>>> print(open('upload_35.cif').read())   # mmCIF, C-alpha atoms
data_input
loop_
_atom_site.label_atom_id
_atom_site.label_comp_id
_atom_site.auth_asym_id
_atom_site.auth_seq_id
_atom_site.Cartn_x
_atom_site.Cartn_y
_atom_site.Cartn_z
CA MET A 1238 39.99 -7.06 -21.65
CA PRO A 1239 37.55 -4.22 -20.77
CA SER A 1240 37.68 -2.89 -17.24
CA PRO A 1241 34.62 -3.44 -15.03
CA PRO A 1242 32.23 -0.53 -14.51
CA PRO A 1243 32.78 1.67 -11.45
CA SER A 1244 30.87 1.14 -8.20
CA PRO A 1245 27.16 1.86 -8.66
CA PRO A 1246 25.48 4.84 -6.98
CA LEU A 1247 24.07 4.21 -3.49
CA GLY A 1248 20.48 3.51 -4.53
CA VAL A 1249 21.53 1.04 -7.22
CA ARG A 1250 24.13 -0.54 -4.92
CA LEU A 1251 21.46 -1.25 -2.30
CA MET A 1252 19.18 -2.79 -4.92
CA LEU A 1253 21.95 -5.04 -6.23
CA THR A 1254 22.73 -6.13 -2.66
CA TYR A 1255 19.19 -7.33 -2.03
CA PHE A 1256 18.18 -8.64 -5.45
CA THR A 1257 21.36 -10.60 -6.14
CA LEU A 1258 19.97 -13.02 -3.53
CA LEU A 1259 16.77 -13.61 -5.52
CA GLU A 1260 16.56 -17.01 -7.22
CA ASP A 1261 16.79 -16.70 -11.02
CA PRO A 1262 14.14 -18.91 -12.70
CA ARG A 1263 16.08 -19.14 -16.00
CA VAL A 1264 18.45 -21.86 -17.08
CA ASP A 1265 22.04 -20.68 -17.52
CA ARG A 1266 22.11 -20.95 -21.33
CA THR A 1267 19.24 -18.45 -21.64
CA LYS A 1268 20.77 -15.77 -19.40
CA ARG A 1269 21.91 -12.84 -21.52
CA HIS A 1270 21.31 -10.32 -18.73
CA GLU A 1271 21.87 -10.50 -14.98
CA LEU A 1272 18.56 -10.76 -13.10
CA SER A 1273 19.50 -7.98 -10.67
CA HIS A 1274 20.39 -5.73 -13.63
CA LEU A 1275 16.99 -6.38 -15.20
CA ILE A 1276 15.32 -5.37 -11.94
CA VAL A 1277 17.39 -2.19 -11.67
CA MET A 1278 16.49 -1.19 -15.24
CA ALA A 1279 12.82 -2.05 -14.70
CA LEU A 1280 12.55 0.03 -11.51
CA CYS A 1281 14.42 2.97 -13.05
CA GLY A 1282 12.24 2.75 -16.15
CA THR A 1283 9.05 2.65 -14.09
CA LEU A 1284 10.19 5.69 -12.10
CA CYS A 1285 10.81 7.50 -15.40
CA GLY A 1286 7.43 6.85 -17.01
CA ALA A 1287 7.61 3.33 -18.46
CA ASP A 1288 4.26 1.57 -18.05
CA GLY A 1289 4.79 -1.79 -19.72
CA TRP A 1290 7.26 -4.18 -21.39
CA ASP A 1291 7.66 -2.16 -24.61
CA ASP A 1292 8.24 1.03 -22.61
CA LEU A 1293 10.90 -0.72 -20.54
CA GLU A 1294 12.75 -1.82 -23.69
CA ASP A 1295 12.66 1.73 -25.07
CA TYR A 1296 13.82 3.23 -21.79
CA ALA A 1297 16.71 0.81 -21.31
CA SER A 1298 17.88 1.26 -24.89
CA ALA A 1299 17.75 5.07 -24.64
CA ASN A 1300 19.79 5.03 -21.41
CA VAL A 1301 22.25 2.24 -22.25
CA GLU A 1302 25.34 4.44 -21.90
CA TRP A 1303 24.24 5.66 -18.48
CA PHE A 1304 23.60 2.10 -17.29
CA ARG A 1305 27.00 1.02 -18.64
CA GLY A 1306 28.52 3.49 -16.22
CA PHE A 1307 27.80 1.10 -13.34
CA LEU A 1308 26.37 -2.15 -14.80
CA ASP A 1309 28.16 -4.78 -16.85
CA LEU A 1310 26.08 -5.09 -20.06
CA PRO A 1311 28.02 -7.30 -22.52
CA ASN A 1312 24.81 -8.05 -24.45
CA GLY A 1313 23.38 -4.56 -24.44
CA THR A 1314 19.95 -3.88 -22.97
CA PRO A 1315 16.99 -6.29 -22.76
CA SER A 1316 14.15 -6.48 -25.28
CA ALA A 1317 10.48 -6.20 -24.34
CA ASP A 1318 10.16 -9.98 -24.72
CA THR A 1319 13.04 -10.49 -22.27
CA PHE A 1320 11.41 -8.24 -19.67
CA ARG A 1321 8.09 -10.04 -20.19
CA ARG A 1322 9.54 -13.57 -20.02
CA VAL A 1323 11.69 -12.94 -16.96
CA PHE A 1324 9.05 -11.15 -14.90
CA SER A 1325 6.46 -13.72 -15.89
CA ALA A 1326 8.78 -16.48 -14.65
CA LEU A 1327 9.74 -14.88 -11.31
CA GLU A 1328 7.92 -16.24 -8.27
CA PRO A 1329 5.81 -13.24 -7.08
CA VAL A 1330 5.93 -13.99 -3.34
CA ALA A 1331 9.72 -14.26 -3.33
CA PHE A 1332 10.03 -11.12 -5.48
CA GLU A 1333 7.79 -9.11 -3.15
CA ARG A 1334 9.72 -10.42 -0.14
CA GLN A 1335 12.99 -8.95 -1.44
CA PHE A 1336 11.33 -5.56 -1.95
CA ARG A 1337 9.88 -5.81 1.55
CA ILE A 1338 13.34 -6.49 2.99
CA TRP A 1339 14.73 -3.57 1.00
CA VAL A 1340 12.10 -1.24 2.47
CA ARG A 1341 13.53 -1.85 5.93
CA ALA A 1342 16.34 0.48 4.91
CA PHE A 1343 13.74 3.25 4.61
CA ALA A 1344 11.41 2.56 7.52
CA ASP A 1345 11.35 4.28 10.89
CA SER A 1346 9.52 3.01 13.95
CA LEU A 1347 5.77 2.49 13.49
CA GLU A 1348 5.07 3.47 17.10
CA GLY A 1349 1.73 5.34 17.12
CA GLU A 1350 1.50 5.45 13.33
CA VAL A 1351 -1.70 4.56 11.49
CA VAL A 1352 -1.11 1.58 9.19
CA ALA A 1353 -3.99 1.10 6.76
CA ILE A 1354 -4.91 -2.21 5.14
CA ASP A 1355 -6.94 -2.18 1.95
CA GLY A 1356 -7.16 -3.97 -1.38
CA LYS A 1357 -7.10 -2.88 -5.03
CA THR A 1358 -8.15 -4.75 -8.15
CA LEU A 1359 -5.90 -4.29 -11.20
CA ARG A 1360 -8.65 -3.80 -13.76
CA GLY A 1361 -6.39 -3.95 -16.79
CA THR A 1362 -4.94 -7.35 -15.91
CA VAL A 1363 -6.90 -9.94 -17.87
CA ASP A 1364 -6.29 -13.67 -17.83
CA ALA A 1365 -5.71 -14.76 -21.42
CA ALA A 1366 -7.84 -17.90 -21.04
CA THR A 1367 -10.87 -16.60 -19.13
CA LYS A 1368 -10.80 -12.92 -20.22
CA GLN A 1369 -11.66 -12.04 -16.63
CA THR A 1370 -9.93 -9.61 -14.29
CA SER A 1371 -7.95 -11.89 -12.03
CA LEU A 1372 -5.58 -9.87 -9.85
CA HIS A 1373 -6.49 -8.26 -6.53
CA LEU A 1374 -3.71 -7.02 -4.24
CA LEU A 1375 -4.04 -6.41 -0.51
CA HIS A 1376 -1.78 -3.65 0.85
CA VAL A 1377 -0.26 -2.65 4.20
CA TRP A 1378 0.39 1.10 3.96
CA ALA A 1379 2.14 3.25 6.60
CA THR A 1380 0.18 6.47 6.17
CA GLU A 1381 2.64 8.97 7.67
CA GLN A 1382 5.88 7.53 6.30
CA GLN A 1383 4.11 6.71 3.01
CA LEU A 1384 5.70 3.29 2.89
CA LEU A 1385 4.28 0.12 1.42
CA LEU A 1386 5.24 -2.37 4.11
CA ALA A 1387 3.89 -5.46 2.32
CA HIS A 1388 1.31 -6.63 -0.19
CA VAL A 1389 -0.10 -9.96 -1.26
CA ALA A 1390 -2.38 -11.23 -4.02
CA VAL A 1391 -5.73 -12.59 -2.82
CA ASP A 1392 -8.63 -14.20 -4.67
CA GLY A 1393 -10.76 -11.09 -5.11
CA ALA A 1394 -12.12 -8.52 -2.68
CA GLY A 1395 -14.11 -11.20 -0.88
CA ALA A 1396 -10.88 -12.92 0.18
CA GLU A 1397 -9.41 -9.87 1.91
CA ALA A 1398 -10.53 -10.83 5.44
CA PRO A 1399 -8.74 -14.23 5.58
CA GLY A 1400 -5.71 -12.67 3.86
CA ILE A 1401 -5.16 -9.94 6.46
CA PRO A 1402 -3.85 -12.13 9.33
CA GLU A 1403 -1.41 -13.79 6.92
CA LEU A 1404 -0.27 -10.41 5.64
CA LEU A 1405 0.23 -8.99 9.13
CA ARG A 1406 2.57 -11.84 10.00
CA LEU A 1407 4.95 -10.57 7.29
CA VAL A 1408 5.44 -7.16 8.93
CA ASP A 1409 6.67 -5.88 12.28
CA ILE A 1410 3.61 -3.83 13.32
CA LYS A 1411 4.51 -3.37 16.98
CA GLY A 1412 3.15 -0.08 18.31
CA ALA A 1413 1.13 0.77 15.18
CA ILE A 1414 -2.61 1.42 14.89
CA ILE A 1415 -4.05 -0.92 12.25
CA THR A 1416 -7.12 0.23 10.34
CA THR A 1417 -9.33 -1.64 7.86
CA ASP A 1418 -12.64 -1.20 6.10
CA ALA A 1419 -15.64 -3.40 6.95
CA ALA A 1420 -14.19 -6.42 5.14
CA GLY A 1421 -11.41 -6.59 7.72
CA CYS A 1422 -13.68 -6.31 10.74
CA THR A 1423 -13.33 -9.91 11.94
CA ALA A 1424 -12.26 -11.59 15.15
CA PRO A 1425 -9.22 -13.28 13.52
CA VAL A 1426 -8.00 -9.85 12.38
CA THR A 1427 -8.22 -8.51 15.94
CA GLN A 1428 -6.28 -11.57 17.10
CA ALA A 1429 -3.55 -11.04 14.50
CA VAL A 1430 -3.23 -7.33 15.28
CA ARG A 1431 -2.89 -7.88 19.01
CA ASP A 1432 -0.51 -10.80 18.52
CA GLY A 1433 1.68 -8.38 16.55
CA GLY A 1434 1.70 -5.86 19.41
CA ALA A 1435 -0.47 -3.28 17.63
CA GLU A 1436 -3.83 -1.58 18.26
CA TYR A 1437 -6.78 -1.60 15.86
CA VAL A 1438 -9.61 0.61 14.63
CA LEU A 1439 -11.96 -1.35 12.33
CA THR A 1440 -15.01 -0.21 10.39
CA LEU A 1441 -18.17 -1.93 11.63
CA LYS A 1442 -21.09 -2.53 9.26
CA ALA A 1443 -24.17 -4.72 9.19
CA ASN A 1444 -22.25 -7.71 7.83
CA ARG A 1445 -21.30 -8.25 11.50
CA ARG A 1446 -24.97 -8.41 12.38
CA ALA A 1447 -25.02 -9.15 16.11
CA LEU A 1448 -22.21 -6.77 17.01
CA HIS A 1449 -23.52 -4.05 14.68
CA THR A 1450 -27.00 -4.28 16.20
CA HIS A 1451 -25.57 -4.16 19.72
CA VAL A 1452 -23.36 -1.10 19.05
CA THR A 1453 -26.15 0.71 17.20
CA ALA A 1454 -28.41 0.22 20.21
CA LEU A 1455 -25.74 1.64 22.53
CA PHE A 1456 -25.48 4.86 20.52
CA ASP A 1457 -29.26 5.12 20.17
CA ALA A 1458 -29.46 4.93 23.96
CA ALA A 1459 -26.71 7.51 24.33
CA GLU A 1460 -28.50 9.88 21.94
CA ALA A 1461 -31.71 9.48 23.93
CA GLY A 1462 -29.84 10.36 27.12
CA ARG A 1463 -30.05 6.88 28.61
CA TYR A 1464 -26.28 6.26 28.42
CA ARG A 1465 -23.88 8.68 30.08
CA GLY A 1466 -20.16 9.17 29.73
CA VAL A 1467 -20.05 9.74 25.95
CA ALA A 1468 -16.75 11.33 24.91
CA THR A 1469 -17.04 13.66 21.92
CA HIS A 1470 -14.72 15.44 19.49
CA ARG A 1471 -15.74 17.74 16.63
CA SER A 1472 -13.77 19.07 13.63
CA ALA A 1473 -14.62 20.92 10.43
CA ASP A 1474 -13.15 21.50 6.97
CA ARG A 1475 -13.94 23.91 4.18
CA GLY A 1476 -12.58 24.00 0.64
CA HIS A 1477 -13.27 23.26 -3.04
CA GLY A 1478 -16.90 24.29 -2.62
CA ARG A 1479 -17.50 21.84 0.21
CA GLU A 1480 -18.09 22.27 3.93
CA GLU A 1481 -17.80 19.25 6.20
CA THR A 1482 -18.32 18.80 9.91
CA ARG A 1483 -17.29 15.57 11.66
CA THR A 1484 -18.44 14.60 15.11
CA ILE A 1485 -17.08 11.48 16.77
CA ARG A 1486 -18.68 9.94 19.83
CA VAL A 1487 -16.87 7.22 21.76
CA LEU A 1488 -18.16 4.75 24.35
CA PRO A 1489 -16.43 2.05 26.38
CA LEU A 1490 -17.70 -1.41 25.43
CA ASP A 1491 -18.32 -3.27 28.66
CA ASP A 1492 -20.08 -6.29 27.20
CA LEU A 1493 -20.62 -8.14 23.94
CA PRO A 1494 -23.93 -9.46 22.62
CA SER A 1495 -24.67 -13.03 23.60
CA ALA A 1496 -25.25 -13.91 19.94
CA THR A 1497 -21.62 -13.16 19.16
CA GLN A 1498 -19.89 -16.53 19.11
CA VAL A 1499 -16.40 -15.33 18.22
CA GLU A 1500 -13.75 -13.72 20.35
CA TRP A 1501 -13.01 -10.10 19.57
CA ARG A 1502 -9.55 -9.68 21.09
CA ASP A 1503 -9.15 -6.75 23.49
CA LEU A 1504 -12.19 -4.89 22.14
CA LYS A 1505 -12.44 -1.86 24.45
CA THR A 1506 -14.30 0.96 22.71
CA VAL A 1507 -16.82 1.70 19.99
CA ALA A 1508 -17.11 4.93 18.01
CA GLN A 1509 -19.72 6.65 15.91
CA VAL A 1510 -18.68 9.24 13.35
CA GLU A 1511 -21.29 11.63 11.98
CA ARG A 1512 -20.28 13.48 8.81
CA THR A 1513 -22.36 16.44 7.64
CA ARG A 1514 -21.45 17.78 4.19
CA THR A 1515 -22.74 20.79 2.34
CA ILE A 1516 -21.98 20.92 -1.40
CA ALA A 1517 -23.59 23.47 -3.72
CA GLY A 1518 -26.19 24.27 -1.09
CA LYS A 1519 -27.20 20.64 -0.52
CA THR A 1520 -26.56 19.09 2.89
CA SER A 1521 -26.27 15.39 3.67
CA THR A 1522 -25.50 13.52 6.88
CA GLU A 1523 -24.03 10.03 7.23
CA ARG A 1524 -23.08 7.93 10.23
CA TYR A 1525 -20.42 5.24 10.52
CA LEU A 1526 -19.49 2.82 13.30
CA TYR A 1527 -16.07 1.56 14.41
CA ILE A 1528 -14.64 -0.85 16.98
CA SER A 1529 -11.25 -0.42 18.62
CA SER A 1530 -8.75 -1.77 21.10
CA LEU A 1531 -7.80 1.82 22.02
CA PRO A 1532 -9.07 3.45 25.21
CA VAL A 1533 -11.72 6.19 25.15
CA ASP A 1534 -9.90 9.00 23.34
CA PRO A 1535 -12.10 10.58 20.66
CA LYS A 1536 -9.39 12.80 19.17
CA ARG A 1537 -6.98 9.90 18.72
CA LEU A 1538 -9.68 7.69 17.25
CA ALA A 1539 -10.79 10.46 14.89
CA HIS A 1540 -7.22 10.81 13.64
CA ALA A 1541 -6.90 7.08 12.99
CA ILE A 1542 -10.22 6.94 11.13
CA ARG A 1543 -9.33 9.86 8.85
CA ALA A 1544 -5.77 8.64 8.30
CA HIS A 1545 -7.06 5.29 7.01
CA TRP A 1546 -8.12 6.94 3.77
CA GLY A 1547 -4.47 7.68 3.05
CA VAL A 1548 -4.24 4.22 1.49
CA GLU A 1549 -6.85 5.31 -1.07
CA ASN A 1550 -5.54 8.83 -1.68
CA GLN A 1551 -1.79 8.23 -1.37
CA LEU A 1552 -1.57 4.75 -2.92
CA HIS A 1553 -4.54 3.54 -4.96
CA TRP A 1554 -5.46 6.86 -6.56
CA CYS A 1555 -1.83 7.64 -7.42
CA LEU A 1556 -1.35 4.20 -8.99
CA ASP A 1557 -4.24 4.89 -11.35
CA VAL A 1558 -3.62 8.57 -12.08
CA GLY A 1559 0.17 8.82 -11.80
CA PHE A 1560 1.10 5.37 -13.13
CA HIS A 1561 -1.94 4.54 -15.33
CA GLU A 1562 -2.17 1.10 -13.72
CA ASP A 1563 -5.77 0.36 -14.71
CA GLN A 1564 -4.93 1.07 -18.36
CA ARG A 1565 -2.31 -1.68 -18.57
CA ARG A 1566 -3.27 -4.79 -20.55
CA ILE A 1567 -1.11 -7.68 -19.37
CA GLN A 1568 -2.41 -11.19 -20.03
CA ASP A 1569 -0.18 -13.01 -17.59
CA VAL A 1570 -1.08 -12.85 -13.93
CA ARG A 1571 2.41 -13.60 -12.65
CA GLY A 1572 4.01 -10.97 -14.87
CA ALA A 1573 1.32 -8.46 -13.94
CA THR A 1574 1.83 -9.18 -10.24
CA ASN A 1575 5.58 -8.61 -10.46
CA LEU A 1576 5.19 -5.42 -12.51
CA ALA A 1577 2.64 -4.24 -9.94
CA THR A 1578 5.24 -4.84 -7.22
CA ILE A 1579 7.80 -2.72 -9.06
CA THR A 1580 5.18 -0.01 -9.63
CA ARG A 1581 4.21 0.17 -5.98
CA TYR A 1582 7.74 0.62 -4.76
CA ALA A 1583 8.42 3.15 -7.51
CA LEU A 1584 5.43 5.16 -6.29
CA MET A 1585 6.67 4.88 -2.71
CA MET A 1586 10.02 6.40 -3.73
CA VAL A 1587 8.35 9.18 -5.71
CA LYS A 1588 6.16 10.15 -2.77
CA ARG A 1589 8.98 10.06 -0.22
CA GLU A 1590 11.13 12.54 -2.15
CA LYS A 1591 10.48 15.79 -0.27
CA THR A 1592 12.43 18.46 -2.20
CA SER A 1593 9.92 18.70 -5.07
CA ARG A 1594 6.43 20.12 -4.72
CA ARG A 1595 5.29 18.64 -8.03
CA GLY A 1596 2.84 15.79 -8.42
CA VAL A 1597 3.59 12.15 -9.19
CA ARG A 1598 3.47 12.48 -12.98
CA ALA A 1599 5.71 15.56 -12.95
CA ARG A 1600 8.26 13.82 -10.73
CA ARG A 1601 8.35 10.85 -13.10
CA ARG A 1602 9.05 13.25 -15.98
CA ASN A 1603 11.79 14.95 -13.96
CA ALA A 1604 13.39 11.57 -13.28
CA ALA A 1605 13.36 10.81 -17.01
CA TRP A 1606 15.01 14.16 -17.76
CA SER A 1607 17.63 14.04 -14.99
CA HIS A 1608 19.69 11.05 -13.87
CA ASP A 1609 20.64 13.01 -10.75
CA TYR A 1610 16.99 13.36 -9.79
CA LEU A 1611 16.37 9.68 -10.58
CA LEU A 1612 19.15 8.69 -8.18
CA LYS A 1613 17.65 11.00 -5.57
CA LEU A 1614 14.37 9.07 -5.86
CA LEU A 1615 16.20 5.76 -5.43
CA THR A 1616 17.65 6.92 -2.13
CA ALA A 1617 14.69 8.95 -0.80
CA GLY A 1618 14.61 8.50 2.96
CA ILE A 1619 17.97 6.70 3.24
CA ALA A 1620 20.77 8.42 5.12
CA PRO A 1621 24.01 8.77 3.09
CA VAL A 1622 26.62 6.09 3.73
#
>>> encode(input="upload_35.cif", output="structure tokens")
Amino acid sequence: MPSPPPSPPLGVRLMLTYFTLLEDPRVDRTKRHELSHLIVMALCGTLCGADGWDDLEDYASANVEWFRGFLDLPNGTPSADTFRRVFSALEPVAFERQFRIWVRAFADSLEGEVVAIDGKTLRGTVDAATKQTSLHLLHVWATEQQLLLAHVAVDGAGAEAPGIPELLRLVDIKGAIITTDAAGCTAPVTQAVRDGGAEYVLTLKANRRALHTHVTALFDAAEAGRYRGVATHRSADRGHGREETRTIRVLPLDDLPSATQVEWRDLKTVAQVERTRTIAGKTSTERYLYISSLPVDPKRLAHAIRAHWGVENQLHWCLDVGFHEDQRRIQDVRGATNLATITRYALMMVKREKTSRRGVRARRRNAAWSHDYLLKLLTAGIAPV
């Protein structure tokens, strides 16, 4: 009788601990591979450059001897059809929950950290029946730790606002500063943020007509000298042929417009950011408005507003450029959702590995070339035990 494989490396051992608890949707007679082993191989493959079911089959087959060093594989490695069937059968909410629990091993306190909420449509995911893009994921991204704290599928970008309070209930956000774009600027979002013990800085646009009109009038009065006590902070950047100056003005909000029929929880301040950019000799100026539960502190508010774009630069852009997510063609929404979950946590591990100065694609190649580096990615941010 063959002896069992030795104890898995730390990163794999942690994965097996969490994902052994996940309910397997298959009947016993169809199980040729342990579910937790499939997940380990899928995450390792995604870290190493696999971008779909066929790639995962090729990766697992090419690394079968390495996997046999710590996994029991009596039936060899899975086929592309096995990966597709299993991940299309897994319940996405339960699958994401296990990843979210696993991330707790990585996370530090969120005290004072900007946590950005934003959504992304997976453009390559097409429903086989309707031929329409059908998957939009809403993310909670810790911008400094570069951790995906949670994500959930919502019914398009227009459903982000009602999805945010539900999403925030999944995460311990105490002490964080929550930021959103204009879609998330709603009274229920302010309620959910404050209920979670966090602060908020939300983009305000004309879709919140009464409040937007009221705040615009306040800053018009301040600019005309009729409103005193404006706190100001200015910063500038230069690089890549662009010069940019940002001026933030902050006012306390002492009253709300009478036309506003909803309760904005603990709304204390409003901010106006003026961005002046010069590119190739052409200068443009734009102004943006924000509401916040923070006190009048222009430097702190400016930091939170700029940090929000980390979710675009650190997460969404990297998913498209480093993981080719929009080029995937998966005609099963459940399977696409679960593969998207694996991809997001793979990206998180790649970005948290601090010894390499290479980009995301180069780190994925390095992981494919070196099992030692792959294991380093799996444990990025976890203290040795």
>>> residues_around(input="upload_35.cif", residues="Ala1390 of chain A", least_positions_apart="6", cutoff="12 Å", atoms="all atoms listed in the file", output="number ranges by chain")
A: 1329-1330, 1333, 1355-1359, 1371-1376, 1396-1397, 1399-1401, 1403-1404, 1570-1571, 1573-1575, 1577-1578
>>> closest_residue(input="upload_35.cif", among="A:Lys1591, A:Ala1279, A:Asn1312, A:Val1352", to="Tyr1296 of chain A", atoms="all atoms listed in the file")
A:Ala1279
>>> resolve_selection(input="upload_35.cif", expression="the PyMOL selection byres ((chain A and resi 1476) around 12)", output="ChimeraX atom specification")
/A:1473-1475,1477-1481,1514-1517
>>> closest_residue(input="upload_35.cif", among="A:Ile1338, A:Leu1275, A:Leu1407, A:Ala1468", to="Phe1304 of chain A", atoms="all atoms listed in the file")
A:Leu1275
>>> residues_around(input="upload_35.cif", residues="Gln1383 of chain A", least_positions_apart="3", cutoff="12 Å", atoms="all atoms listed in the file", output="VMD selection string")
chain A and resid 1340 1343 to 1345 1347 1350 to 1353 1377 to 1380 1386 1544 to 1545 1547 to 1552 1581 to 1591 1617 to 1618
>>> resolve_selection(input="upload_35.cif", expression="the PyMOL selection byres ((chain A and resi 1316) around 12)", output="list in words")
Arg1269, His1270, Leu1275, Met1278, Ala1279, Gly1289, Trp1290, Asp1291, Asp1292, Leu1293, Glu1294, Asp1295, Tyr1296, Ala1297, Ser1298, Asn1312, Gly1313, Thr1314, Pro1315, Ala1317, Asp1318, Thr1319, Phe1320, Arg1321, Arg1322 and Val1323 of chain A
>>> atom_distance(input="upload_35.cif", atom1="atom CA of Thr1416 of chain A", atom2="atom CA of Leu1439 of chain A")
5.5 Å
>>> decode(input="upload_35.cif", residues="segment 1339-1351 of chain A", atoms="N, CA and C atoms", output="compact mmCIF listing (two decimals), in the first residue's frame")
# COMPACT_ATOMS: atom_id res chain seq x y z
N TRP A 1339 -10.42 32.84 4.64
CA TRP A 1339 -8.99 32.59 4.48
C TRP A 1339 -8.20 33.89 4.54
N VAL A 1340 -8.74 34.96 3.96
CA VAL A 1340 -8.04 36.24 3.92
C VAL A 1340 -7.79 36.79 5.32
N ARG A 1341 -8.59 36.38 6.29
CA ARG A 1341 -8.38 36.86 7.66
C ARG A 1341 -6.99 36.50 8.18
N ALA A 1342 -6.40 35.46 7.60
CA ALA A 1342 -5.04 35.09 8.00
C ALA A 1342 -4.02 36.12 7.51
N PHE A 1343 -4.40 36.92 6.51
CA PHE A 1343 -3.50 37.91 5.94
C PHE A 1343 -3.72 39.31 6.53
N ALA A 1344 -4.95 39.60 6.93
CA ALA A 1344 -5.34 40.98 7.18
C ALA A 1344 -4.84 41.53 8.51
N ASP A 1345 -4.41 42.79 8.48
CA ASP A 1345 -4.12 43.55 9.68
C ASP A 1345 -5.34 44.42 10.00
N SER A 1346 -5.23 45.21 11.05
CA SER A 1346 -6.31 46.12 11.40
C SER A 1346 -6.57 47.10 10.26
N LEU A 1347 -7.83 47.46 10.07
CA LEU A 1347 -8.21 48.45 9.06
C LEU A 1347 -8.28 49.86 9.63
N GLU A 1348 -7.86 50.05 10.86
CA GLU A 1348 -7.95 51.34 11.51
C GLU A 1348 -7.29 52.43 10.67
N GLY A 1349 -8.07 53.41 10.22
CA GLY A 1349 -7.55 54.53 9.45
C GLY A 1349 -7.29 54.24 7.99
N GLU A 1350 -7.48 53.01 7.55
CA GLU A 1350 -7.17 52.65 6.17
C GLU A 1350 -8.35 52.97 5.25
N VAL A 1351 -8.03 53.42 4.04
CA VAL A 1351 -9.06 53.67 3.04
C VAL A 1351 -9.47 52.33 2.41
